[in-house]
$ cat work-v3.cif   # mmCIF, C-alpha atoms and all ligand atoms
data_entry
#
loop_
_atom_site.label_atom_id
_atom_site.label_comp_id
_atom_site.auth_asym_id
_atom_site.auth_seq_id
_atom_site.Cartn_x
_atom_site.Cartn_y
_atom_site.Cartn_z
CA MET A 1 21.44 24.63 -15.86
CA ALA A 2 19.03 27.44 -14.93
CA LEU A 3 15.36 28.13 -15.59
CA LEU A 4 14.99 31.37 -17.54
CA GLY A 5 12.12 33.07 -19.35
CA GLU A 6 8.42 33.71 -18.96
CA ILE A 7 5.23 31.74 -19.39
CA ARG A 8 1.43 31.99 -19.16
CA LEU A 9 -0.42 29.33 -17.22
CA PRO A 10 -3.53 27.45 -18.27
CA GLY A 11 -6.77 28.79 -16.79
CA ASP A 12 -7.55 28.11 -13.16
CA LYS A 13 -9.14 24.68 -12.74
CA SER A 14 -11.44 25.59 -9.84
CA ILE A 15 -12.71 28.71 -11.62
CA SER A 16 -13.15 26.83 -14.92
CA HIS A 17 -15.45 24.19 -13.38
CA ARG A 18 -17.51 26.91 -11.75
CA ALA A 19 -17.68 29.11 -14.86
CA LEU A 20 -19.14 26.22 -16.89
CA MET A 21 -21.66 25.23 -14.22
CA PHE A 22 -22.84 28.71 -13.26
CA THR A 23 -23.22 30.03 -16.81
CA ALA A 24 -25.57 27.08 -17.45
CA LEU A 25 -27.98 28.83 -15.04
CA SER A 26 -27.84 32.14 -16.93
CA ASP A 27 -30.30 33.45 -19.49
CA GLY A 28 -27.92 34.12 -22.37
CA LEU A 29 -24.62 33.37 -24.03
CA SER A 30 -21.40 33.45 -21.96
CA ARG A 31 -17.89 33.50 -23.40
CA LEU A 32 -15.13 31.86 -21.40
CA GLU A 33 -11.52 32.46 -22.43
CA ASN A 34 -8.51 30.51 -21.16
CA LEU A 35 -10.63 27.67 -19.77
CA ASN A 36 -8.46 25.02 -18.14
CA PRO A 37 -7.66 22.41 -20.83
CA GLY A 38 -7.27 19.47 -18.44
CA ALA A 39 -9.33 16.29 -18.35
CA ASP A 40 -11.17 17.30 -15.15
CA VAL A 41 -12.72 20.39 -16.72
CA VAL A 42 -13.56 18.42 -19.88
CA THR A 43 -15.40 16.03 -17.55
CA THR A 44 -17.53 18.88 -16.19
CA GLN A 45 -18.18 20.11 -19.72
CA ARG A 46 -19.33 16.63 -20.82
CA ALA A 47 -21.53 16.22 -17.76
CA LEU A 48 -23.28 19.52 -18.50
CA ILE A 49 -23.71 18.66 -22.18
CA ASN A 50 -25.15 15.32 -21.07
CA CYS A 51 -27.68 17.31 -19.01
CA GLY A 52 -28.77 19.31 -22.05
CA ILE A 53 -26.54 22.41 -21.88
CA HIS A 54 -25.29 23.74 -25.19
CA ILE A 55 -21.51 24.33 -25.06
CA GLU A 56 -19.24 24.86 -28.03
CA GLU A 57 -15.73 26.07 -28.74
CA LYS A 58 -15.14 28.84 -31.29
CA HIS A 59 -11.55 29.93 -31.96
CA GLY A 60 -10.39 28.76 -28.54
CA VAL A 61 -13.23 30.52 -26.68
CA ILE A 62 -15.87 28.40 -24.94
CA HIS A 63 -19.45 29.53 -25.55
CA VAL A 64 -22.05 28.40 -23.03
CA GLN A 65 -25.72 28.94 -23.84
CA GLY A 66 -27.42 29.27 -20.47
CA GLY A 67 -30.82 27.65 -20.04
CA GLY A 68 -32.25 29.94 -17.34
CA LEU A 69 -33.64 28.81 -13.99
CA ARG A 70 -34.50 25.25 -15.10
CA PRO A 71 -31.85 24.41 -17.70
CA PHE A 72 -31.27 20.67 -17.16
CA LYS A 73 -32.76 17.75 -19.12
CA GLN A 74 -32.72 14.10 -18.17
CA PRO A 75 -29.26 12.76 -19.19
CA ASP A 76 -29.11 9.52 -21.26
CA LEU A 77 -26.45 7.96 -19.10
CA GLY A 78 -25.03 8.15 -15.63
CA LEU A 79 -22.70 11.07 -15.02
CA ASP A 80 -19.10 9.90 -15.19
CA CYS A 81 -17.02 12.30 -13.09
CA GLY A 82 -13.70 10.64 -13.98
CA ASN A 83 -10.95 11.71 -11.55
CA SER A 84 -12.64 15.00 -10.67
CA GLY A 85 -13.84 15.61 -7.11
CA THR A 86 -14.95 19.13 -8.03
CA THR A 87 -17.18 17.81 -10.83
CA ALA A 88 -18.82 15.18 -8.63
CA ARG A 89 -19.36 17.33 -5.55
CA LEU A 90 -20.44 20.59 -7.20
CA MET A 91 -22.69 18.83 -9.74
CA MET A 92 -24.52 17.08 -6.87
CA GLY A 93 -25.41 20.48 -5.44
CA LEU A 94 -26.15 21.99 -8.84
CA LEU A 95 -28.58 19.23 -9.88
CA ALA A 96 -30.21 18.40 -6.53
CA ALA A 97 -33.33 20.53 -7.08
CA HIS A 98 -33.90 19.67 -10.75
CA PRO A 99 -36.36 17.01 -11.88
CA ILE A 100 -33.82 14.49 -13.20
CA HIS A 101 -32.45 11.12 -12.11
CA VAL A 102 -28.69 10.64 -12.26
CA GLN A 103 -26.07 8.23 -11.10
CA PHE A 104 -22.69 9.81 -10.34
CA THR A 105 -19.74 7.52 -11.02
CA GLY A 106 -15.97 8.04 -11.15
CA ASP A 107 -12.61 6.37 -11.62
CA GLN A 108 -10.88 4.22 -9.00
CA SER A 109 -9.38 7.17 -7.14
CA LEU A 110 -12.62 9.20 -7.06
CA SER A 111 -14.55 6.11 -5.93
CA LYS A 112 -12.41 6.05 -2.78
CA ARG A 113 -13.07 9.70 -1.84
CA PRO A 114 -15.78 10.63 0.67
CA MET A 115 -19.02 11.90 -0.87
CA ASP A 116 -21.18 11.81 2.27
CA ARG A 117 -19.70 15.20 3.22
CA VAL A 118 -21.81 16.55 0.35
CA PHE A 119 -24.85 14.33 0.26
CA ARG A 120 -25.57 14.47 4.02
CA PRO A 121 -26.20 18.25 4.06
CA LEU A 122 -28.07 17.96 0.75
CA GLN A 123 -30.31 15.31 2.37
CA GLN A 124 -30.98 17.82 5.15
CA MET A 125 -32.23 20.19 2.44
CA GLY A 126 -34.69 17.51 1.34
CA ALA A 127 -32.65 16.07 -1.53
CA ASN A 128 -33.26 12.48 -2.54
CA ILE A 129 -29.61 11.45 -2.74
CA SER A 130 -27.77 8.42 -1.39
CA ALA A 131 -24.81 6.13 -2.00
CA ASN A 132 -24.63 2.41 -2.64
CA LYS A 133 -21.58 2.00 -0.50
CA ARG A 134 -22.30 4.28 2.44
CA THR A 135 -19.96 7.17 1.69
CA TYR A 136 -18.60 6.47 -1.79
CA LEU A 137 -19.62 6.65 -5.43
CA PRO A 138 -21.81 5.61 -7.11
CA VAL A 139 -24.25 8.18 -5.75
CA MET A 140 -27.87 8.25 -6.91
CA LEU A 141 -29.79 11.49 -7.13
CA SER A 142 -33.46 12.12 -7.97
CA GLY A 143 -33.89 15.86 -8.02
CA ARG A 144 -36.80 17.39 -6.13
CA GLU A 145 -37.86 20.54 -4.29
CA LEU A 146 -35.41 21.69 -1.60
CA TRP A 147 -35.65 23.89 1.44
CA ALA A 148 -32.92 26.18 2.78
CA LEU A 149 -30.32 25.07 5.30
CA ASP A 150 -28.15 26.69 7.94
CA TYR A 151 -25.05 24.51 7.97
CA GLN A 152 -21.86 24.50 10.02
CA LEU A 153 -19.10 22.76 8.04
CA PRO A 154 -16.92 20.49 10.20
CA TYR A 155 -13.84 21.34 8.06
CA ALA A 156 -12.97 24.09 5.60
CA SER A 157 -13.88 22.67 2.19
CA ALA A 158 -14.61 24.87 -0.81
CA GLN A 159 -16.16 21.94 -2.66
CA VAL A 160 -18.68 21.17 0.06
CA LYS A 161 -19.40 24.86 0.70
CA SER A 162 -20.00 25.37 -3.04
CA ALA A 163 -22.24 22.31 -3.39
CA ILE A 164 -24.52 23.54 -0.60
CA LEU A 165 -24.61 27.10 -1.98
CA LEU A 166 -25.49 25.79 -5.45
CA ALA A 167 -28.33 23.72 -4.02
CA GLY A 168 -29.32 26.84 -2.05
CA LEU A 169 -29.86 28.75 -5.33
CA HIS A 170 -32.96 26.57 -5.84
CA ALA A 171 -34.02 26.04 -2.23
CA LYS A 172 -36.90 27.90 -0.58
CA GLY A 173 -35.47 30.63 1.67
CA GLN A 174 -31.89 31.60 2.52
CA THR A 175 -29.12 29.02 2.79
CA THR A 176 -26.15 29.76 5.05
CA VAL A 177 -22.83 27.89 5.19
CA LYS A 178 -20.39 28.56 8.04
CA SER A 179 -16.78 27.40 7.73
CA PRO A 180 -14.24 26.87 10.51
CA ALA A 181 -11.57 28.58 8.35
CA PHE A 182 -11.50 30.52 5.08
CA SER A 183 -11.51 28.30 1.99
CA ARG A 184 -11.26 29.40 -1.66
CA ASP A 185 -14.11 31.81 -2.48
CA HIS A 186 -14.41 31.56 -6.28
CA THR A 187 -18.05 30.46 -5.98
CA GLU A 188 -18.95 33.53 -3.94
CA GLN A 189 -17.06 35.92 -6.28
CA MET A 190 -18.55 34.50 -9.46
CA LEU A 191 -22.14 34.20 -8.21
CA LYS A 192 -21.94 37.83 -7.08
CA ALA A 193 -20.59 38.93 -10.48
CA MET A 194 -23.48 37.06 -12.14
CA GLY A 195 -26.17 38.80 -10.06
CA ALA A 196 -27.03 36.21 -7.40
CA ARG A 197 -28.09 37.55 -3.98
CA ILE A 198 -25.14 36.36 -1.94
CA LYS A 199 -23.73 37.83 1.26
CA VAL A 200 -20.36 37.07 2.82
CA LYS A 201 -19.83 37.90 6.50
CA GLY A 202 -16.45 36.61 7.61
CA ARG A 203 -16.53 32.83 7.33
CA GLU A 204 -20.29 32.78 6.81
CA VAL A 205 -21.92 32.85 3.35
CA THR A 206 -25.65 33.26 2.70
CA VAL A 207 -27.34 32.77 -0.64
CA HIS A 208 -30.99 33.49 -1.52
CA GLN A 209 -33.14 31.35 -3.77
CA LEU A 210 -32.88 32.59 -7.36
CA THR A 211 -35.98 34.33 -8.58
CA LYS A 212 -34.48 35.07 -11.99
CA PRO A 213 -31.67 33.48 -13.98
CA LEU A 214 -28.05 34.51 -13.46
CA LYS A 215 -26.57 37.08 -15.84
CA PRO A 216 -24.31 35.67 -18.58
CA ILE A 217 -20.63 36.68 -18.36
CA ASP A 218 -17.59 37.16 -20.55
CA PHE A 219 -14.71 35.94 -18.48
CA VAL A 220 -10.99 35.56 -19.10
CA ILE A 221 -10.10 32.82 -16.61
CA PRO A 222 -6.97 33.77 -14.61
CA GLY A 223 -3.85 31.61 -14.85
CA ASP A 224 -4.04 28.73 -12.38
CA PHE A 225 -2.18 29.60 -9.17
CA SER A 226 -1.83 25.93 -8.24
CA ALA A 227 -0.16 25.28 -11.61
CA ALA A 228 2.02 28.38 -11.17
CA ALA A 229 3.22 26.99 -7.84
CA PHE A 230 5.18 24.22 -9.61
CA PHE A 231 7.15 26.82 -11.59
CA ILE A 232 7.62 28.95 -8.49
CA ALA A 233 9.14 25.95 -6.69
CA ALA A 234 11.25 24.98 -9.70
CA ALA A 235 12.69 28.50 -10.13
CA LEU A 236 13.44 28.78 -6.41
CA LEU A 237 15.32 25.46 -6.41
CA VAL A 238 17.32 25.50 -9.64
CA PRO A 239 20.41 27.72 -9.17
CA ASP A 240 20.55 31.01 -11.13
CA SER A 241 16.93 30.77 -12.26
CA ASP A 242 14.86 33.86 -13.07
CA VAL A 243 11.30 33.22 -14.26
CA ILE A 244 8.23 35.41 -14.80
CA LEU A 245 4.70 33.97 -14.69
CA ARG A 246 2.14 36.22 -16.43
CA GLY A 247 -1.55 36.72 -15.56
CA VAL A 248 -1.68 34.41 -12.55
CA GLY A 249 -4.76 34.36 -10.30
CA ILE A 250 -3.77 35.72 -6.89
CA ASN A 251 -7.07 35.43 -5.04
CA PRO A 252 -6.01 35.71 -1.37
CA THR A 253 -7.90 32.51 -0.48
CA ARG A 254 -5.52 30.64 -2.80
CA THR A 255 -2.12 32.20 -2.25
CA ALA A 256 -0.92 31.27 1.23
CA PHE A 257 1.87 29.44 -0.64
CA LEU A 258 3.33 32.81 -1.68
CA LYS A 259 3.46 33.92 1.95
CA ALA A 260 4.98 30.62 3.06
CA VAL A 261 7.63 30.76 0.35
CA LYS A 262 8.52 34.35 1.23
CA GLU A 263 8.87 33.31 4.87
CA MET A 264 11.24 30.56 3.69
CA GLY A 265 13.38 33.28 2.12
CA GLY A 266 12.14 32.93 -1.46
CA LYS A 267 12.84 35.87 -3.77
CA LEU A 268 9.42 36.68 -5.22
CA THR A 269 7.92 39.86 -6.62
CA VAL A 270 4.28 40.39 -7.56
CA ALA A 271 3.58 43.13 -10.13
CA ASN A 272 0.96 44.44 -12.59
CA LYS A 273 -2.02 43.64 -10.36
CA ALA A 274 -5.46 43.79 -12.01
CA LYS A 275 -8.99 42.48 -11.41
CA HIS A 276 -11.48 40.69 -13.66
CA SER A 277 -14.97 39.44 -12.66
CA GLY A 278 -13.99 39.76 -9.01
CA GLU A 279 -10.75 37.76 -9.39
CA ALA A 280 -7.32 39.35 -8.85
CA ILE A 281 -4.45 38.58 -11.25
CA ALA A 282 -0.79 39.60 -11.37
CA ASP A 283 2.62 38.72 -12.79
CA ILE A 284 4.96 36.84 -10.46
CA ARG A 285 8.74 36.93 -10.80
CA ILE A 286 10.80 34.25 -9.03
CA ARG A 287 14.55 34.02 -8.58
CA ALA A 288 16.60 31.10 -7.26
CA SER A 289 16.89 31.41 -3.47
CA GLN A 290 18.49 29.99 -0.35
CA LEU A 291 15.61 28.68 1.75
CA LYS A 292 15.04 28.09 5.43
CA GLY A 293 12.54 25.86 7.24
CA ILE A 294 9.15 27.16 8.49
CA GLN A 295 6.10 26.13 10.51
CA VAL A 296 2.82 25.83 8.58
CA TYR A 297 -0.14 26.13 10.97
CA PRO A 298 -3.63 24.58 10.65
CA GLU A 299 -5.37 27.90 9.89
CA GLN A 300 -3.15 28.40 6.81
CA ILE A 301 -3.85 24.94 5.38
CA PRO A 302 -7.07 25.54 3.36
CA ASN A 303 -5.35 28.38 1.46
CA LEU A 304 -2.40 26.25 0.32
CA ILE A 305 -3.89 22.78 0.47
CA ASP A 306 -2.97 21.85 -3.13
CA GLU A 307 0.56 23.27 -2.74
CA LEU A 308 1.56 21.23 0.31
CA PRO A 309 3.46 18.57 -1.67
CA LEU A 310 5.61 21.46 -2.96
CA ILE A 311 6.18 22.77 0.58
CA ALA A 312 7.51 19.29 1.39
CA LEU A 313 9.88 19.40 -1.59
CA LEU A 314 11.10 22.95 -0.83
CA ALA A 315 11.64 21.92 2.81
CA THR A 316 14.04 19.16 1.75
CA GLN A 317 16.30 21.91 0.34
CA ALA A 318 15.77 24.41 3.17
CA GLU A 319 18.08 24.92 6.12
CA GLY A 320 16.46 23.66 9.33
CA GLU A 321 13.13 22.09 10.17
CA THR A 322 9.75 22.51 8.47
CA VAL A 323 6.61 21.30 10.21
CA VAL A 324 3.14 21.08 8.64
CA THR A 325 0.16 20.36 10.91
CA GLY A 326 -3.61 20.34 10.58
CA ALA A 327 -3.45 18.99 7.03
CA GLU A 328 -5.38 15.71 7.47
CA GLU A 329 -7.58 16.68 4.47
CA LEU A 330 -4.54 15.91 2.30
CA ARG A 331 -5.19 12.22 2.95
CA VAL A 332 -8.47 12.30 0.98
CA LYS A 333 -7.31 14.05 -2.20
CA GLU A 334 -6.67 12.26 -5.53
CA SER A 335 -4.30 10.11 -3.43
CA ASP A 336 -3.27 10.13 0.21
CA ARG A 337 -0.86 12.99 -0.47
CA ILE A 338 0.85 12.81 2.93
CA ALA A 339 1.81 9.18 2.37
CA ALA A 340 2.57 9.76 -1.32
CA ILE A 341 4.99 12.66 -0.84
CA VAL A 342 6.70 11.16 2.21
CA THR A 343 7.18 7.78 0.45
CA ASN A 344 8.69 9.33 -2.67
CA LEU A 345 10.94 11.92 -1.04
CA SER A 346 12.22 9.48 1.62
CA ALA A 347 13.07 6.98 -1.11
CA TRP A 348 15.17 9.76 -2.68
CA GLY A 349 17.06 10.32 0.60
CA ALA A 350 15.12 13.20 2.18
CA LYS A 351 14.60 13.37 5.93
CA ILE A 352 10.82 13.63 5.84
CA PHE A 353 8.51 12.04 8.38
CA GLU A 354 4.80 11.39 8.30
CA ARG A 355 2.44 12.73 10.99
CA PRO A 356 -1.26 11.84 11.13
CA ASP A 357 -2.09 15.42 10.08
CA GLY A 358 0.95 16.45 8.05
CA PHE A 359 4.69 15.92 7.94
CA HIS A 360 7.97 17.29 9.15
CA VAL A 361 11.19 17.68 7.23
CA GLU A 362 14.81 18.25 8.22
CA GLY A 363 16.83 19.93 5.53
CA PRO A 364 18.80 20.36 3.49
CA THR A 365 19.49 16.92 2.01
CA PRO A 366 20.57 16.01 -1.51
CA LEU A 367 17.94 14.08 -3.52
CA LYS A 368 18.96 10.90 -5.33
CA GLY A 369 16.22 10.86 -7.96
CA GLY A 370 15.09 7.76 -9.84
CA LYS A 371 11.75 5.97 -9.67
CA VAL A 372 8.58 7.86 -8.71
CA LYS A 373 5.29 6.32 -7.63
CA THR A 374 2.75 8.90 -8.74
CA TYR A 375 -0.31 7.08 -7.34
CA HIS A 376 -1.86 8.46 -10.58
CA ASP A 377 -2.09 11.82 -8.80
CA HIS A 378 -1.29 14.85 -10.99
CA ARG A 379 0.07 16.99 -8.16
CA ILE A 380 2.39 14.24 -6.93
CA ALA A 381 3.63 13.69 -10.50
CA MET A 382 4.32 17.39 -11.07
CA THR A 383 6.00 17.85 -7.68
CA LEU A 384 8.40 14.96 -8.31
CA GLY A 385 8.89 16.19 -11.88
CA VAL A 386 10.15 19.47 -10.39
CA ALA A 387 12.27 17.56 -7.86
CA GLY A 388 13.89 15.74 -10.79
CA LEU A 389 15.44 19.05 -11.91
CA ILE A 390 17.71 19.08 -8.85
CA SER A 391 18.15 15.36 -8.13
CA LYS A 392 21.27 13.35 -8.95
CA SER A 393 19.50 11.03 -11.39
CA PRO A 394 16.45 12.18 -13.33
CA ALA A 395 12.92 11.36 -12.14
CA THR A 396 11.25 8.36 -13.78
CA LEU A 397 7.50 8.58 -13.24
CA ASP A 398 5.33 5.46 -13.39
CA ASP A 399 2.44 7.49 -14.88
CA PRO A 400 3.57 10.86 -16.27
CA ASP A 401 0.30 11.21 -18.20
CA CYS A 402 -1.71 11.69 -15.01
CA VAL A 403 -0.74 15.40 -15.20
CA ASN A 404 -3.30 15.69 -18.03
CA VAL A 405 -6.01 15.98 -15.38
CA SER A 406 -5.05 19.61 -14.77
CA TYR A 407 -2.11 20.51 -17.00
CA PRO A 408 -1.55 18.77 -20.35
CA GLY A 409 1.88 19.87 -21.62
CA PHE A 410 3.27 20.56 -18.15
CA PHE A 411 6.58 18.76 -18.72
CA ASP A 412 7.13 20.45 -22.11
CA GLU A 413 6.51 23.85 -20.54
CA LEU A 414 8.98 23.06 -17.74
CA ARG A 415 11.62 21.79 -20.19
CA GLY A 416 11.10 24.92 -22.30
CA LEU A 417 12.44 27.09 -19.47
CA ILE A 418 15.70 25.15 -19.14
CA SER A 419 18.76 26.91 -20.54
C1 LIG A 501 -11.31 22.71 -4.83
C2 LIG A 501 -11.22 22.77 -3.47
C3 LIG A 501 -10.19 22.07 -2.70
C4 LIG A 501 -9.03 21.62 -3.58
C5 LIG A 501 -9.47 21.01 -4.88
C6 LIG A 501 -10.36 21.96 -5.65
C7 LIG A 501 -12.41 23.44 -5.49
O1 LIG A 501 -10.74 20.94 -2.07
O2 LIG A 501 -8.19 20.73 -2.90
O3 LIG A 501 -8.33 20.69 -5.66
O4 LIG A 501 -12.36 23.64 -6.71
O5 LIG A 501 -13.35 23.84 -4.79
P1 LIG A 501 -11.65 21.04 -0.76
O6 LIG A 501 -13.01 21.48 -1.12
O7 LIG A 501 -11.66 19.67 -0.20
O8 LIG A 501 -10.99 22.04 0.12
#

$ encode --input "work-v3.cif" --output "structure tokens"
Amino acid sequence: MALLGEIRLPGDKSISHRALMFTALSDGLSRLENLNPGADVVTTQRALINCGIHIEEKHGVIHVQGGGLRPFKQPDLGLDCGNSGTTARLMMGLLAAHPIHVQFTGDQSLSKRPMDRVFRPLQQMGANISANKRTYLPVMLSGRELWALDYQLPYASAQVKSAILLAGLHAKGQTTVKSPAFSRDHTEQMLKAMGARIKVKGREVTVHQLTKPLKPIDFVIPGDFSAAAFFIAAALLVPDSDVILRGVGINPTRTAFLKAVKEMGGKLTVANKAKHSGEAIADIRIRASQLKGIQVYPEQIPNLIDELPLIALLATQAEGETVVTGAEELRVKESDRIAAIVTNLSAWGAKIFERPDGFHVEGPTPLKGGKVKTYHDHRIAMTLGVAGLISKSPATLDDPDCVNVSYPGFFDELRGLIS
């Protein structure tokens, strides 16, 4: 068996959420192509529609009719954010200055994820926002006038940074967010492309209060790098594979995984680079490779945070030791991803050990395969799905459908490459 052929990925999930939210603040019609089809982005779309934004699909293209500076109407119901941390956190910032009352809710997993990291700085901007259960959903928001904030983030989080910047668009003065490390910068790129006054100086971003609506955009959303990473890992691991991924987003704040994989000895080539609305895209070719262990350091973590379960899997097949540190944020994702990946790969015979802030792996070891506990986490499900291609017995996932959050059809696409 080898993986051969080429595919296009669904649109980037992070960029899709942002494109829907930001175009709502424009003064015209935006057209979004290749929007991520997963349940998380549908959740954002529904939340915006619930707040009075007109969104419709025509021939596979999403049309968003922006409502200008004050586009939101009182929603009928609470805002159900499902499994989506990006929806909950960014919408809190987006809505904080608008005269509406909302209750943010979510599924079991989202209701265990910290929200105070967003609502505390928003409170400092004057927002009337609080949680029933200290740090967790449900969160109640009554929008009102905000003032600007100068905020030092305690950790590098693109969601928190974006929430504060979005609130800053409607706050009196200039809002600045400083991060301890670089996190994904899609918010900065897109707001700039849409005419916001936004300045980036190293790890510091400043946004001015909007005095006029954002400009509408026509945007072809790049292929999702985090989705591409599963195919990169699969092609590296399955002997004799040769796969090309077309039109993948290669924003440098997202692609530390490419560097890590190259350092492991992965045969990768990046070609046909182009740029659209500030976002870089390219084709990536991957060939099966002999891998060796690496060190992943804390400063690299924010730029490959969603790919760390795949680093763990690759490390089980790499010669030598791999150590990941400074990744404690992984414990508050859709599941505790450190525990989830270590539990599953150890049960399959890997030498992988948990650390408070990461894991270390001694490779290579054969993988037995068999049962997988997904913890209803799409990235754990997809990682073990890839692992099942090289394990002795196939992977049997307790909830394969959880991949629908970001990538409906993932397993069909993966099977389609097998020859
Ligand atoms: C995201 C940022 C990251 C990432 C998440 C999506 C975003 O989280 O893990 O999947 O769209 O801004 P953090 O903000 O916690 O870094």

$ residues_near_point --input "work-v3.cif" --point "(-22.7, 38.4, 0.5)" --cutoff "12 Å" --atoms "all atoms listed in the file" --output "ChimeraX atom specification"
/A:165,174-177,185,187-193,195-208

$ closest_atom_pairs --input "work-v3.cif" --of "chain A" --to "ligand LIG 501 (chain A)" --cutoff "9 Å" --atoms "only C-alpha atoms and all ligand atoms" --output "tab-separated table"
residue	atom	partner	partner_atom	distance
A:Lys13	CA	A:LIG501	O4	6.9
A:Ser14	CA	A:LIG501	O4	3.8
A:Ile15	CA	A:LIG501	O4	7.1
A:Ser16	CA	A:LIG501	O4	8.8
A:His17	CA	A:LIG501	O4	7.4
A:Arg18	CA	A:LIG501	O4	7.9
A:Ser84	CA	A:LIG501	O3	8.7
A:Gly85	CA	A:LIG501	C5	7.3
A:Thr86	CA	A:LIG501	O4	5.4
A:Thr87	CA	A:LIG501	O4	8.6
A:Arg89	CA	A:LIG501	O6	8.8
A:Leu90	CA	A:LIG501	O5	8.2
A:Tyr155	CA	A:LIG501	O8	8.5
A:Ala156	CA	A:LIG501	O8	6.2
A:Ser157	CA	A:LIG501	O8	3.6
A:Ala158	CA	A:LIG501	O6	3.8
A:Gln159	CA	A:LIG501	O6	3.5
A:Val160	CA	A:LIG501	O6	5.8
A:Lys161	CA	A:LIG501	O6	7.5
A:Ser162	CA	A:LIG501	O5	7.0
A:Ser183	CA	A:LIG501	O8	6.6
A:Arg184	CA	A:LIG501	O5	6.7
A:Asp185	CA	A:LIG501	O5	8.3
A:His186	CA	A:LIG501	O5	7.9
A:Thr187	CA	A:LIG501	O5	8.2
A:Ser226	CA	A:LIG501	O3	8.7
A:Pro302	CA	A:LIG501	O8	6.2
A:Asn303	CA	A:LIG501	O8	8.6
A:Leu304	CA	A:LIG501	O2	8.6
A:Ile305	CA	A:LIG501	O2	5.8
A:Asp306	CA	A:LIG501	O2	5.3
A:Glu329	CA	A:LIG501	O7	6.9
A:Leu330	CA	A:LIG501	O2	8.0
A:Val332	CA	A:LIG501	O7	8.1
A:Lys333	CA	A:LIG501	O2	6.8
A:Glu334	CA	A:LIG501	O3	8.6

$ closest_residue --input "work-v3.cif" --among "A:Val405, A:Phe411, A:Ile341, A:Leu237" --to "Cys81 (chain A)" --atoms "only C-alpha atoms"
A:Val405

$ residues_around --input "work-v3.cif" --residues "region 372-384 of chain A" --least-positions-apart "6" --cutoff "6 Å" --atoms "only C-alpha atoms" --output "JSON, numbers by chain"
{"A": [310, 334, 396, 397, 398, 402, 403]}

$ residues_near_point --input "work-v3.cif" --point "(-20.2, 42.1, -21.5)" --cutoff "12 Å" --atoms "all atoms listed in the file" --output "PDB file with C-alpha atoms, in the frame of the given file"
ATOM      1  CA  GLY A  28     -27.920  34.120 -22.370  1.00  0.00           C
ATOM      2  CA  LEU A  29     -24.620  33.370 -24.030  1.00  0.00           C
ATOM      3  CA  SER A  30     -21.400  33.450 -21.960  1.00  0.00           C
ATOM      4  CA  ARG A  31     -17.890  33.500 -23.400  1.00  0.00           C
ATOM      5  CA  LEU A  32     -15.130  31.860 -21.400  1.00  0.00           C
ATOM      6  CA  ALA A 193     -20.590  38.930 -10.480  1.00  0.00           C
ATOM      7  CA  MET A 194     -23.480  37.060 -12.140  1.00  0.00           C
ATOM      8  CA  LYS A 215     -26.570  37.080 -15.840  1.00  0.00           C
ATOM      9  CA  PRO A 216     -24.310  35.670 -18.580  1.00  0.00           C
ATOM     10  CA  ILE A 217     -20.630  36.680 -18.360  1.00  0.00           C
ATOM     11  CA  ASP A 218     -17.590  37.160 -20.550  1.00  0.00           C
ATOM     12  CA  PHE A 219     -14.710  35.940 -18.480  1.00  0.00           C
ATOM     13  CA  VAL A 220     -10.990  35.560 -19.100  1.00  0.00           C
ATOM     14  CA  HIS A 276     -11.480  40.690 -13.660  1.00  0.00           C
ATOM     15  CA  SER A 277     -14.970  39.440 -12.660  1.00  0.00           C
TER      16      SER A 277
END

$ build_atoms --input "work-v3.cif" --residues "region 301-307 of chain A" --atoms "N, CA, C and O atoms" --output "compact mmCIF listing (two decimals), keeping the file's coordinate frame"
# COMPACT_ATOMS: atom_id res chain seq x y z
N ILE A 301 -3.77 26.11 6.26
CA ILE A 301 -3.85 24.94 5.38
C ILE A 301 -4.85 25.08 4.22
O ILE A 301 -4.49 24.82 3.07
N PRO A 302 -6.13 25.52 4.48
CA PRO A 302 -7.07 25.54 3.36
C PRO A 302 -6.60 26.43 2.21
O PRO A 302 -7.00 26.23 1.06
N ASN A 303 -5.77 27.44 2.51
CA ASN A 303 -5.35 28.38 1.46
C ASN A 303 -4.06 27.97 0.74
O ASN A 303 -3.55 28.70 -0.12
N LEU A 304 -3.51 26.80 1.12
CA LEU A 304 -2.40 26.25 0.32
C LEU A 304 -2.47 24.74 0.24
O LEU A 304 -1.48 24.06 0.00
N ILE A 305 -3.71 24.24 0.37
CA ILE A 305 -3.89 22.78 0.47
C ILE A 305 -3.26 22.04 -0.73
O ILE A 305 -2.58 21.03 -0.55
N ASP A 306 -3.47 22.57 -1.95
CA ASP A 306 -2.97 21.85 -3.13
C ASP A 306 -1.46 22.04 -3.33
O ASP A 306 -0.85 21.36 -4.15
N GLU A 307 -0.87 22.99 -2.58
CA GLU A 307 0.56 23.27 -2.74
C GLU A 307 1.41 22.57 -1.68
O GLU A 307 2.64 22.72 -1.67
